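Take a look at the structure below.
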Protein chains: 2
Amino acid sequence: MNAAYIKPFIQGIRSVFGTMVNLEVAIGTPTIKSEPLSTYDVSGVIGISGEVVGSIVLSFPAETAQQIVARFSGEECDVTSPDFADAVGELVNMVSGAGKADLPHKGASISCPSVVVGKNHRIATGHETPCVVVPCKTECGQFVIEIALKEATVGAAAA
Amino acid sequence: MNAAYIKPFIQGIRSVFGTMVNLEVAIGTPTIKSEPLSTYDVSGVIGISGEVVGSIVLSFPAETAQQIVARFSGEECDVTSPDFADAVGELVNMVSGAGKADLPHKGASISCPSVVVGKNHRIATGHETPCVVVPCKTECGQFVIEIALKEATVGAAAA
């Protein structure tokens with residue numbers, strides 16, 4: 001995948017977590033995701049469409065997500081509460097919005113977030129869209145951002 | 001939510017499942033989703049952005065998803081296989097694409113699908129986007145389509 005698709009979202013993670021969660025993020029080595037081998041407990045998913053199409057996923061272990069949401073929203077929430085899902089959705093929304101703004105293609109827009117809560121779920125992207133997984137290490141624990149993006153086929157952006 | 005946002009996707013379910021899965025779908029009464037009370041094992045998620053923003057989710061019990069994928073792709077797949085995720089992703093892609101084409105707003109585009117596999121997961125949409133759940137009954141079992149859509153705020157479509 002074009003590195004110009006990855007860097008904006010890594011920068012988005014750093015800036016959103018730095019300013020909104022007051023949390024420093026150590027970025028690990030990005031790898032191509034060939035199979036959804038890892039499992040997580042909480043995932044925020046957002047779609048991107050237009051000149052580039054794909055999805056951005058932030059996936060967390062439950063305990064890490066709870067700590068991050070507590071720092072972000074200023075209060076402890078149970079993972080099953082609507083406030084918890086709203087907070088995770090808002091985080092993926094901000095990271096995706098920040099990343100999208102720095103993509104080389106300007107004609108892309110982001111969808112509304114969906115938040116998955118379920119112990120040990122896996123998330124797969126269709127094999128036609130390359131997906132890069134970037135491990136993120138923080139004092140609240142590790143999580144990943146998955147960036148699955150490709151250029152839209154001609155005509156699809158306006159379709 | 002505007003009924004004009006719901007009907008195209010119900011029609012999409014009927015036509016895609018009728019032609020591609022050879023499966024008649026009885027559509028139940030749509031309800032507003034206030035909390036993600038139900039759990040599912042397999043979900044296909046796709047984002048919509050542009051003049052309308054939101055997401056479309058198809059959620060299945062594992063056994064129903066396996067039966068539907070077998071009819072759709074012509075072969076049995078394990079729920080953990082990449083082919084299974086591809087098939088579920090393709091189904092939500094086709095239903096969303098068919099529905100999008102009949103939306104009153106023409107400037108909307110769909111993202112690539114993400115497929116969640118995990119026993120008893122829940123999917124939440126942010127409280128700012130109304131979400132309608134439509135139960136679908138088939139001879140392979142029941143599943144739901146969730147339609148969460150709202151008009152984009154001014155300027156967001158081009159952002």
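A note on labels: chains of the structure tokens are A, B, ... as shown, every chain counts residues from 1, and ligands are counted from 1 in their shown order.
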Exercise for the section: Tell me which protein, DNA and RNA residues are within 7 Å of B:Gly50, counting only C-alpha atoms, leaving out same-chain ones fewer than 3 positions away, and put them as a PyMOL selection string. Expected result: (chain A and resi 109) or (chain B and resi 53+107-109+152+157)
Problem - Exercise answer, chain A residues close to chain B, 6 Å and only C-alpha atoms, as a VMD selection string - result: chain A and resid 47 to 49 53 to 54 86 109 to 112 114 to 118 121 to 126
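With distances restricted to only C-alpha atoms, A:Ala4 is the closest residue to A:Pro104 from A:Ala65, A:Cys77, A:Ala4, A:Cys131.
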Exercise for the section: Take atom CA of A:Ile32 and atom CA of A:Val132 and report the distance between them in Å, one decimal. Expected result: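 Atom CA of A:Val132 lies 4.5 Å from atom CA of A:Ile32.
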Problem - Sel. of helix (DSSP H, G or I) residues, chain B, as a PyMOL selection string - result: chain B and resi 3-20+62-73+82-101
Handout entry: Non-local contacts of B:Gly28 (7 Å; only C-alpha atoms; under 5 positions in same chain excluded) as a list in words
Key =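 Within the cut-off, the hits are Val134, Pro135 and Cys136 of chain B.
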Exercise for the section: Enumerate the residues of stretch 12-121 of chain B with a DSSP assignment of strand (DSSP E), computed from the backbone, and present them as a VMD selection string. Expected result: chain B and resid 26 to 27 31 to 32 40 to 50 52 to 60 108 to 110 114 to 121
Handout entry: Residues near B:Gly18, cut-off 12 Å, only C-alpha atoms, skip fewer than 6 positions along chain, as a list of chain:residue names
Key = B:Ile10, B:Gln11, B:Gly12, B:Glu24, B:Val25, B:Ala26, B:Ile68, B:Arg71, B:Phe72, B:Leu91, B:Val95, B:Thr138
Practice task
For atom CA of A:Glu63 and atom CA of A:Ser15, quote the distance in Å rounded to one decimal.
Solution key: 22.1 Å
